Structure formats: C-alpha cells, structure tokens
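These notes are about the structure you will find just below.
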Amino acid sequence: MKLKYILSCLAAVLLAAPAAFAQTTLAVWTFETAYTSISGTGGWITNIVPEIGSGTASGWHSGLFGTTTYSAPAGNGSAKSFSSNGWTNSPGDFYQFAVSTVSFQDISVSFNQVGSATGPRDFNLQYSTDGISFTTFTSYSLPSSPTSWSSGSSNALSVFSFDLSAITALNNATVVYFRLVDASNASINGGTVAPGGTDRVDNFAVVAAGGTGPTVIITQPQSKDVYFGDTVSFSVLASGEAPVYYQWFYSASGAAGTYSPLADGSSGYGFGTISGSATAGLALSYLNPAQAGYYEVGVSNALVSDYVYSSPAQLTVGIRTPIVTNIAYLRTLQTTNWFPSDTTNLYTVTGTVTTPINMTANTSREFFIQDASTAGIAVFIGGGSYLPDAGDSVQVTGPIGQFNGLLELNLSASNPAHSVNYINSGNPLPAPKFFDFATLTNISLVETNIEGSLAIVSNVFFQLPQVAGFVGNGSLNMTNVNGKVLQLFVNAQASDVIAQTVPTFAASVSGVFGQFTSASPATNAYQLNILQYAGLVSGTMASIPFVIQTAGTNAILTWSGTLFSLQSSTNVAGPYVDISPSTSPYTNYNSNTNSAMFFRLVH
C-alpha cells in the first residue's frame with residue numbers, strides 16, 4: 001500500500017501565505033555511474049548524463065598539448081570525478097554542462113573543482129542559450145596551493161557557487177549551456193600549465209526556482225538496463241511550492257497495488273545498498289537480479305493530499321557474460337598512455353599464483369598470477385579475505401583496472417559478479433624472466449611481457465650509503481655495471497626479507513615485476529618486488545676486464561661498464577686522484593716519459 005502525505009493543517013497556513021518559489025535541482029553530475037575513461041589527441045568527449053535530473057556534460061580540448069587523457073579519480077567526498085590533462089587556453093579548453101530550464105527561473109550553479117600543481121589555475125564561467133555564442137559571467141581562480149580530494153570527505157576549499165538569477169535569458173529556456181573555460185596559461189603553483197597538469201570537477205549542480213502551486217513532475221525517471229553487481233540511479237525533476245517531498249517505491253511486477261516504499265540502508269541482497277529513497281535521486285549499489293522490476297517516485301507538498309506519482313521506470317538486471325581469455329590478451333587492453341582501455345567487461349583467466357604473501361594492506365588482498373601465455377598480472381580483491389598460496393592454480397573473473405600504473409584484475413569482494421576459484425595446488429612456479437636494464441626504454445615490451453611476471457636481474461650494486469637491513473615498505477636502487485638503475489621494493493608483508501642484511505653486490509635478485517607511478521603516461525617507476533630473502537643471491541662482483549696498452553709514448557686504458565671512475569697515482573699505495581672525464585677508452589699521453597703510473601677503477 002502506498003503511503004499518503006497529508007498535511008492539512010500546514011496546507012491551510014501556507015495557502016494563506018504569499019506564494020513562494022521552490023528551489024529545484026535541475027541536474028547534478030557526480031560522475032559515479034555515467035563516466036568512462038578515454039584518451040585522445042583532442043576534440044570532444046560527450047554524452048555524460050547526470051545522476052540527478054536530465055542533461056548532458058562534455059569536455060573539449062584543442063589537442064595543442066598533445067594527448068589528452070580523461071579519467072575518473074576520487075571526487076570531493078565521492079568515489080569518482082571528471083578529470084583531464086592537456087589543458088591550453090589557445091583556444092581555451094573547457095568542461096561543458098547543458099540542461100533544460102523550461103518552467104524554471106532564477107538559475108544558479110555550484111560545483112567542486114581542483115587541479116594539480118601544474119594544472120590550470122584561472123577559469124571563466126560562461127553561459128549560452130544556443131551552444132554557439134558564449135558570454136563570460138565571471139572569472140575565478142583555484143587556490144594557489146593544490147587542494148587534496150578524497151572519496152571519504154569533502155574539502156570546502158574546492159566548492160564554488162554562482163547565482164545567475166540576474167541573467168533572464170536563462171529562464172524557461174529549452175536548453176542552456178555552462179562552460180568552465182581555461183582562461184590563462186598560469187598554473188596553480190604560479191608557473192606555467194604543463195601538458196601533464198590536471199584539472200577535475202565534481203558535483204556540478206544546476207538549481208532553479210520553480211512555479212507555485214501543487215507539485216508537478218517535469219521529467220520522468222528513465223528505464224535502465226544494467227548488470228549483476230552494477231550501480232544504478234533513477235531521478236525525477238519536479239516543480240511546486242516548497243518544501244517538496246519525495247518517496248521512491250518498488251514493484252517486481254509493476255501491477256497496481258503491488259508497490260512498496262523503499263528505505264535507505266541495506267538492499268537485503270549481499271552488500272547492496274539503497275540511498276536517496278526520499279530525495280529526487282535514488283541510487284542502488286551492487287545490484288542483484290532479484291531487484292529487477294519497476295521503480296516509481298511520489299512527489300508532494302502541502303498543497304496536495306496524496307503523492308503525485310511518476311510513470312514507472314523499468315529496471316532490467318542482466319548477467320554480464322565473462323570473456324574467457326589469457327593474461328597476454330589482457331595486457332594488450334591498454335591505451336597509448338598505458339591505462340586500461342576496457343574497465344567494463346568481465347574477463348576470466350586461469351593462472352598460477354607466483355606470490356607467497358599478501359601484496360597490499362590486510363583489509364584487502366593482492367597477489368600475482370602467470371599463465372601458459374607467459375604473461376603475468378596482479379589480482380586485487382578490495383575488502384577480500386581469501387589469499388591463495390604460491391603454486392595454487394586459480395580461475396579469476398573480474399574487470400581490469402590499474403593502481404598507480406600497475407595493470408590488475410580489479411575485484412571487489414562485495415561484488416557477486418567477481419570471483420576467485422581455487423583449482424589445485426603444488427604447481428611449479430614459472431621460471432623468472434631475465435630482465436635486461438637496457439629494456440627499460442622499451443615500454444611496449446615491459447608493459448606487455450615483463451610487468452606482472454616473475455623476473456630476475458643479475459650483477460647489481462645496491463645504493464650507497466649502505467643501510468643495515470631491508471626496511472618494510474621501503475625501496476633501494478639497484479645499479480648494474482653499465483650504470484642503469486632499477487628500483488627494488490620491499491613489501492611491508494615480506495617478513496622474510498625485512499631487517500635482512502643488504503649486501504653491497506648481488507649476483508642475482510628475483511621477484512615479481514611491478515610499477516608504482518601516478519604519472520601519465522604510466523611508464524616509469526618500475527620496480528622489482530623482492531618476495532623472499534632466498535630470492536637474493538649475494539656474491540663477489542665479477543672481475544672487470546681492465547687492459548693497458550701502449551702506443552708510442554701514450555698509455556691506452558680500456559675497460560667494460562660505465563659505472564666506474566678511473567683514478568691514478570704515482571705510488572701503488574696512493575694517494576689516488578680522480579681522472580675526469582674517465583670513459584673507456586682513456587688515453588694517458590706521454591706516459592712512457594714520466595715516472596711509474598698506477599691506475600685503478602673505483603665504484
């Protein structure tokens with residue numbers, strides 16, 4: 001039975017009072033359910049629908065700063081936002097929001113905006129009613145110090161609000177456009193905007209004043225077709241004298257008399273939740289097929305004795321069929337900036353677990369697997385408790401994602417469509433792939449064939465000054481005889497490694513090859529994750545071929561490697577002094593006419 005909202009006493013008071021305009025939210029973009037990452041050299045990204053109301057958001061970049069990557073990092077107190085780099089004001093790049101204001105007036109907008117240190121600082125808020133001719137309403141600047149955002153809390157320094165009620169052209173318009181336009185080359189840190197500098201926006205809202213009288217539904221909730229485990233939102237746009245009340249209802253069949261009111265909290269299906277049940281926007285997370293059916297909303301104010309009901313919106317919850325493939329194929333699903341190109345589809349791969357420890361915090365699980373395609377990948381389970389052993393064969397189903405540049409299968413323990421299924425144990429681990437430091441510049445090879453796999457390096461020196469022992473969650477540089485550097489990372493869970501002696505030289509070091517970078521493109525900060533101390537084989541540095549030949553009165557010295565400095569002395573006991581520059585081959589002129597000379601190589 002549907003609830004009735006009867007406020008007869010209050011209605012009598014309001015009817016005797018002067019008419020008031022209701023503040024109505026026409027549209028809100030939170031980017032939680034309506035955004036997909038994309039990259040390109042410029043141009044438009046379009047058709048980003050709001051979570052509340054109707055309209056469309058978009059972004060435009062000229063491409064003058066090269067590749068532009070649109071992404072969805074943490075918002076201001078929400079999980080996602082709308083972000084991009086590649087900003088230039090020649091001409092001005094922008095974010096755009098379009099919405100209908102029919103039956104409404106006195107328009108205002110609010111939004112959250114932030115940027116990186118080298119992102120754009122200065123913006124113009126512009127409006128238009130034809131999408132062609134834009135007028136600058138005001139100019140504004142982001143704080144001179146980058147403002148941090150997190151999904152758990154909102155930062156008030158990032159909130160902007162502008163009252164455009166004086167612009168009567170925006171009233172009762174079929175469509176109005178708002179743009180946040182890059183207005184200068186100045187960056188937030190006071191320098192010049194860099195190609196990699198980012199700007200992100202969140203919670204863009206368009207609010208208006210509606211008419212007087214009983215509640216009227218302007219925009220009906222729309223039917224949705226989603227998948228098991230997804231999040232979905234429904235919204236309604238209504239006008240009427242304030243305050244306006246909302247209540248959402250659900251029916252499995254849509255038949256009259258079968259609708260029941262919804263309440264915020266658990267949906268009753270696993271980790272699913274319901275929020276916004278008494279607002280203009282309803283959100284359902286981690287959907288179960290049992291939640292398929294019909295959703296409608298009732299709106300009311302003091303001038304009606306019952307709800308005014310919307311038309312029902314049908315929700316269809318399908319089962320997304322996983323794509324069965326191998327890990328090598330997953331590693332091809334990356335953009336030109338080496339971010340995942342498909343984070344929607346589910347993929348199923350089978351592989352052998354290569355890591356003996358949990359590679360992330362104890363509240364979640366992360367391990368690595370390799371398969372017969374010889375490729376490897378990280379498997380992250382947010383909020384999970386299951387951790388397979390090294391040598392276990394497992395079947396993993398989930399979407400691909402990335403964390404600080406590391407490609408991974410990104411699972412959520414509360415998502416019923418994601419799974420890790422144990423097959424058997426005791427399988428031999430794949431042989432570590434030899435990693436040549438010279439291939440660090442071959443990004444395609446590293447991203448598709450090395451990252452995520454067991455790897456081994458040989459004949460490396462550890463950074464100086466020497467530390468007493470390995471430190472959990474710490475890094476050391478490994479340098480080979482040619483002077484090239486690779487980072488060695490010690491996981492905080494690697495108890496077998498922590499506090500063990502750090503040798504000056506290692507004949508070999510093995511572990512799983514990873515990455516930790518927030519840069520775009522994600523092609524730096526590669527690292528070898530040492531998993532067990534037995535993976536480090538210390539030893540004595542191999543002898544370096546050091547040859548002295550004479551040519552007339554000159555001595556010619558040759559050696560291999562670029563890591564060493566050449567020193568000389570007239571006494572075998574020293575003191576020795578550096579020779580600069582000292583690259584092989586080195587010619588010491590007129591050596592034979594001088595007293596005895598002694599040379600040595602020093603690391």
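Identifiers in this document derive from the order of the structure tokens: chains are assigned A, B, ..., residues are numbered from 1 separately in each chain, and ligands are numbered from 1 in order of occurrence.
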(Q) Would you pick out the contacts of range 567-578 of chain A at 8 Å or less, using only C-alpha atoms, so that residues sharing its chain but fewer than 4 positions from it are not included, and give the list as a list in words? (A) Ser595, Ala596, Met597, Phe598, Phe599, Arg600, Leu601 and Val602 of chain A
Q.
So that I can check the surroundings of Pro430 in chain A, please list as JSON, numbers by chain every protein, DNA and RNA residue that reaches within 9 Å of it, counting only C-alpha atoms and ignoring chain neighbours fewer than 4 positions away.
A. {"A": [352, 354, 370, 371, 374, 453, 454]}
What would the file look like if the residues just selected were written as an mmCIF file, in the first residue's frame with N, CA and C atoms?
```cif
data_model
loop_
_atom_site.group_PDB
_atom_site.id
_atom_site.type_symbol
_atom_site.label_atom_id
_atom_site.label_comp_id
_atom_site.auth_asym_id
_atom_site.auth_seq_id
_atom_site.Cartn_x
_atom_site.Cartn_y
_atom_site.Cartn_z
ATOM 1 N N THR A 352 48.759 -19.514 -12.432
ATOM 2 C CA THR A 352 49.443 -19.998 -11.234
ATOM 3 C C THR A 352 49.860 -18.819 -10.376
ATOM 4 N N THR A 354 52.040 -16.636 -8.124
ATOM 5 C CA THR A 354 53.502 -16.525 -8.045
ATOM 6 C C THR A 354 53.989 -15.830 -6.793
ATOM 7 N N GLN A 370 50.538 -15.959 -13.202
ATOM 8 C CA GLN A 370 51.027 -16.117 -14.566
ATOM 9 C C GLN A 370 50.364 -17.333 -15.179
ATOM 10 N N ASP A 371 50.251 -17.314 -16.516
ATOM 11 C CA ASP A 371 49.636 -18.457 -17.186
ATOM 12 C C ASP A 371 50.515 -18.948 -18.321
ATOM 13 N N THR A 374 52.647 -17.003 -20.758
ATOM 14 C CA THR A 374 53.885 -16.476 -20.145
ATOM 15 C C THR A 374 53.708 -15.077 -19.576
ATOM 16 N N SER A 453 55.037 -10.246 -14.092
ATOM 17 C CA SER A 453 55.660 -11.571 -14.158
ATOM 18 C C SER A 453 56.800 -11.692 -13.153
ATOM 19 N N LEU A 454 57.168 -12.937 -12.857
ATOM 20 C CA LEU A 454 58.395 -13.171 -12.104
ATOM 21 C C LEU A 454 59.571 -12.768 -12.980
#
```
Q.
Residues within 8 Å of Val379 in chain A, please, as a PyMOL selection string. Count only C-alpha atoms; anything in the same chain fewer than 2 positions from it doesn't count.
A. chain A and resi 366-369+377+381+408-411
Any chance you could tabulate, as JSON lines, the residues of range 141-175 of chain A at most 8 Å from range 96-100 of chain A with each one's nearest atom pair and distance in Å to one decimal, using only C-alpha atoms, in chain and rising number order?
```
{"residue": "A:Asn172", "atom": "CA", "partner": "A:Ser100", "partner_atom": "CA", "distance": 7.8}
{"residue": "A:Ala173", "atom": "CA", "partner": "A:Ser100", "partner_atom": "CA", "distance": 6.2}
{"residue": "A:Thr174", "atom": "CA", "partner": "A:Ser100", "partner_atom": "CA", "distance": 5.1}
{"residue": "A:Val175", "atom": "CA", "partner": "A:Ser100", "partner_atom": "CA", "distance": 4.2}
```
Q | strand (DSSP E or B) positions in range 255-487 of chain A, given as a PyMOL selection string | A | chain A and resi 260-261+265-266+273-275+281-285+293-300+308-309+313-318+323-324+334+340+347-353+365-370+376-382+393-398+400-403+406-412+419-424+433-434+454-462+469+474-480+485-487
(Q) So, with only C-alpha atoms as the atoms that count, which of A:Val547, A:Ala372, A:Ile327, A:Ala455 lies closest to Thr397 in chain A? (A) A:Ile327
Q) Counting only C-alpha atoms, what is within 6 Å of Tyr286 in chain A, bar same-chain residues fewer than 5 positions away, as a PyMOL selection string? A) chain A and resi 229-231+272
Let me see the file: selected residues, all heavy atoms, as a PDB file, in the first residue's frame.
```
ATOM      1  N   GLY A 229      25.671  -6.757 -10.077  1.00  0.00           N
ATOM      2  CA  GLY A 229      26.803  -6.145  -9.401  1.00  0.00           C
ATOM      3  C   GLY A 229      27.021  -4.691  -9.720  1.00  0.00           C
ATOM      4  O   GLY A 229      27.862  -4.044  -9.090  1.00  0.00           O
ATOM      5  N   ASP A 230      26.282  -4.123 -10.678  1.00  0.00           N
ATOM      6  CA  ASP A 230      26.457  -2.717 -11.049  1.00  0.00           C
ATOM      7  C   ASP A 230      25.774  -1.795 -10.042  1.00  0.00           C
ATOM      8  O   ASP A 230      25.037  -2.236  -9.150  1.00  0.00           O
ATOM      9  CB  ASP A 230      25.859  -2.453 -12.430  1.00  0.00           C
ATOM     10  CG  ASP A 230      26.741  -2.959 -13.562  1.00  0.00           C
ATOM     11  OD1 ASP A 230      27.861  -3.441 -13.263  1.00  0.00           O
ATOM     12  OD2 ASP A 230      26.316  -2.881 -14.726  1.00  0.00           O
ATOM     13  N   THR A 231      26.004  -0.493 -10.232  1.00  0.00           N
ATOM     14  CA  THR A 231      25.287   0.556  -9.501  1.00  0.00           C
ATOM     15  C   THR A 231      24.401   1.291 -10.498  1.00  0.00           C
ATOM     16  O   THR A 231      24.799   1.522 -11.641  1.00  0.00           O
ATOM     17  CB  THR A 231      26.270   1.532  -8.853  1.00  0.00           C
ATOM     18  OG1 THR A 231      27.038   0.845  -7.870  1.00  0.00           O
ATOM     19  CG2 THR A 231      25.548   2.698  -8.198  1.00  0.00           C
ATOM     20  N   GLY A 272      24.621  -5.013  -1.173  1.00  0.00           N
ATOM     21  CA  GLY A 272      23.884  -3.979  -1.879  1.00  0.00           C
ATOM     22  C   GLY A 272      23.304  -2.945  -0.937  1.00  0.00           C
ATOM     23  O   GLY A 272      22.926  -3.244   0.203  1.00  0.00           O
TER      24      GLY A 272
END
```
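Compared by their closest atoms to Glu451 in chain A, and using only C-alpha atoms, the residues A:Trp559, A:Phe94, A:Phe435, A:Tyr250 rank with A:Phe435 nearest.
Every protein or nucleic acid residue with an atom no more than 8 Å from Thr279 in chain A, counting only C-alpha atoms and leaving out same-chain residues fewer than 5 positions away, appears here: Tyr245, Tyr246 and Gln247 of chain A.
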Go ahead and dump the residues you just picked, N, CA, C and O atoms, as a PDB file, in the first residue's frame.
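And here's selection.pdb as it stands now:
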```pdb
ATOM      1  N   TYR A 245       8.383  17.010  -1.167  1.00  0.00           N
ATOM      2  CA  TYR A 245       8.744  15.734  -0.552  1.00  0.00           C
ATOM      3  C   TYR A 245       8.783  14.635  -1.616  1.00  0.00           C
ATOM      4  O   TYR A 245       8.006  14.666  -2.580  1.00  0.00           O
ATOM      5  N   TYR A 246       9.667  13.666  -1.408  1.00  0.00           N
ATOM      6  CA  TYR A 246       9.838  12.572  -2.365  1.00  0.00           C
ATOM      7  C   TYR A 246       9.775  11.230  -1.634  1.00  0.00           C
ATOM      8  O   TYR A 246      10.205  11.115  -0.479  1.00  0.00           O
ATOM      9  N   GLN A 247       9.265  10.216  -2.310  1.00  0.00           N
ATOM     10  CA  GLN A 247       9.318   8.841  -1.815  1.00  0.00           C
ATOM     11  C   GLN A 247       9.348   7.896  -3.011  1.00  0.00           C
ATOM     12  O   GLN A 247       8.485   7.963  -3.889  1.00  0.00           O
TER      13      GLN A 247
END
```
Q: With a distance cut-off of 6 Å and only C-alpha atoms, select the neighbouring residues of Asp199 in chain A, excluding the residue or stretch itself and same-chain residues fewer than 2 positions from it, and output the selection as a PyMOL selection string.
A: chain A and resi 83-84+114-115+119
Convert the current residue selection to file output with N, CA, C and O atoms, as a compact mmCIF listing (two decimals), in the first residue's frame.
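The resulting file, out06.txt, is reproduced below:
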```
# COMPACT_ATOMS: atom_id res chain seq x y z
N SER A 83 38.02 14.23 -14.78
CA SER A 83 39.36 14.80 -14.77
C SER A 83 40.00 14.69 -16.14
O SER A 83 39.69 13.77 -16.91
N SER A 84 40.88 15.62 -16.45
CA SER A 84 41.64 15.53 -17.70
C SER A 84 42.92 16.35 -17.59
O SER A 84 43.05 17.24 -16.75
N VAL A 114 39.24 21.26 -8.67
CA VAL A 114 40.58 21.20 -8.12
C VAL A 114 41.54 20.86 -9.25
O VAL A 114 41.12 20.36 -10.31
N GLY A 115 42.82 21.12 -9.06
CA GLY A 115 43.82 20.77 -10.08
C GLY A 115 45.13 20.38 -9.43
O GLY A 115 45.35 20.58 -8.23
N GLY A 119 48.49 22.15 -13.13
CA GLY A 119 47.23 22.28 -13.84
C GLY A 119 46.80 23.73 -13.93
O GLY A 119 47.35 24.62 -13.27
```
Please, which residues in range 381-428 of chain A fall within 12 Å of range 66-80 of chain A when counting only C-alpha atoms, and what is the closest atom pair and distance in Å to one decimal for each, ordered by chain then residue number, as JSON lines?
```
{"residue": "A:Gly401", "atom": "CA", "partner": "A:Ala72", "partner_atom": "CA", "distance": 11.9}
{"residue": "A:Gln402", "atom": "CA", "partner": "A:Pro73", "partner_atom": "CA", "distance": 11.5}
{"residue": "A:Phe403", "atom": "CA", "partner": "A:Pro73", "partner_atom": "CA", "distance": 10.9}
{"residue": "A:Asn404", "atom": "CA", "partner": "A:Pro73", "partner_atom": "CA", "distance": 11.3}
```
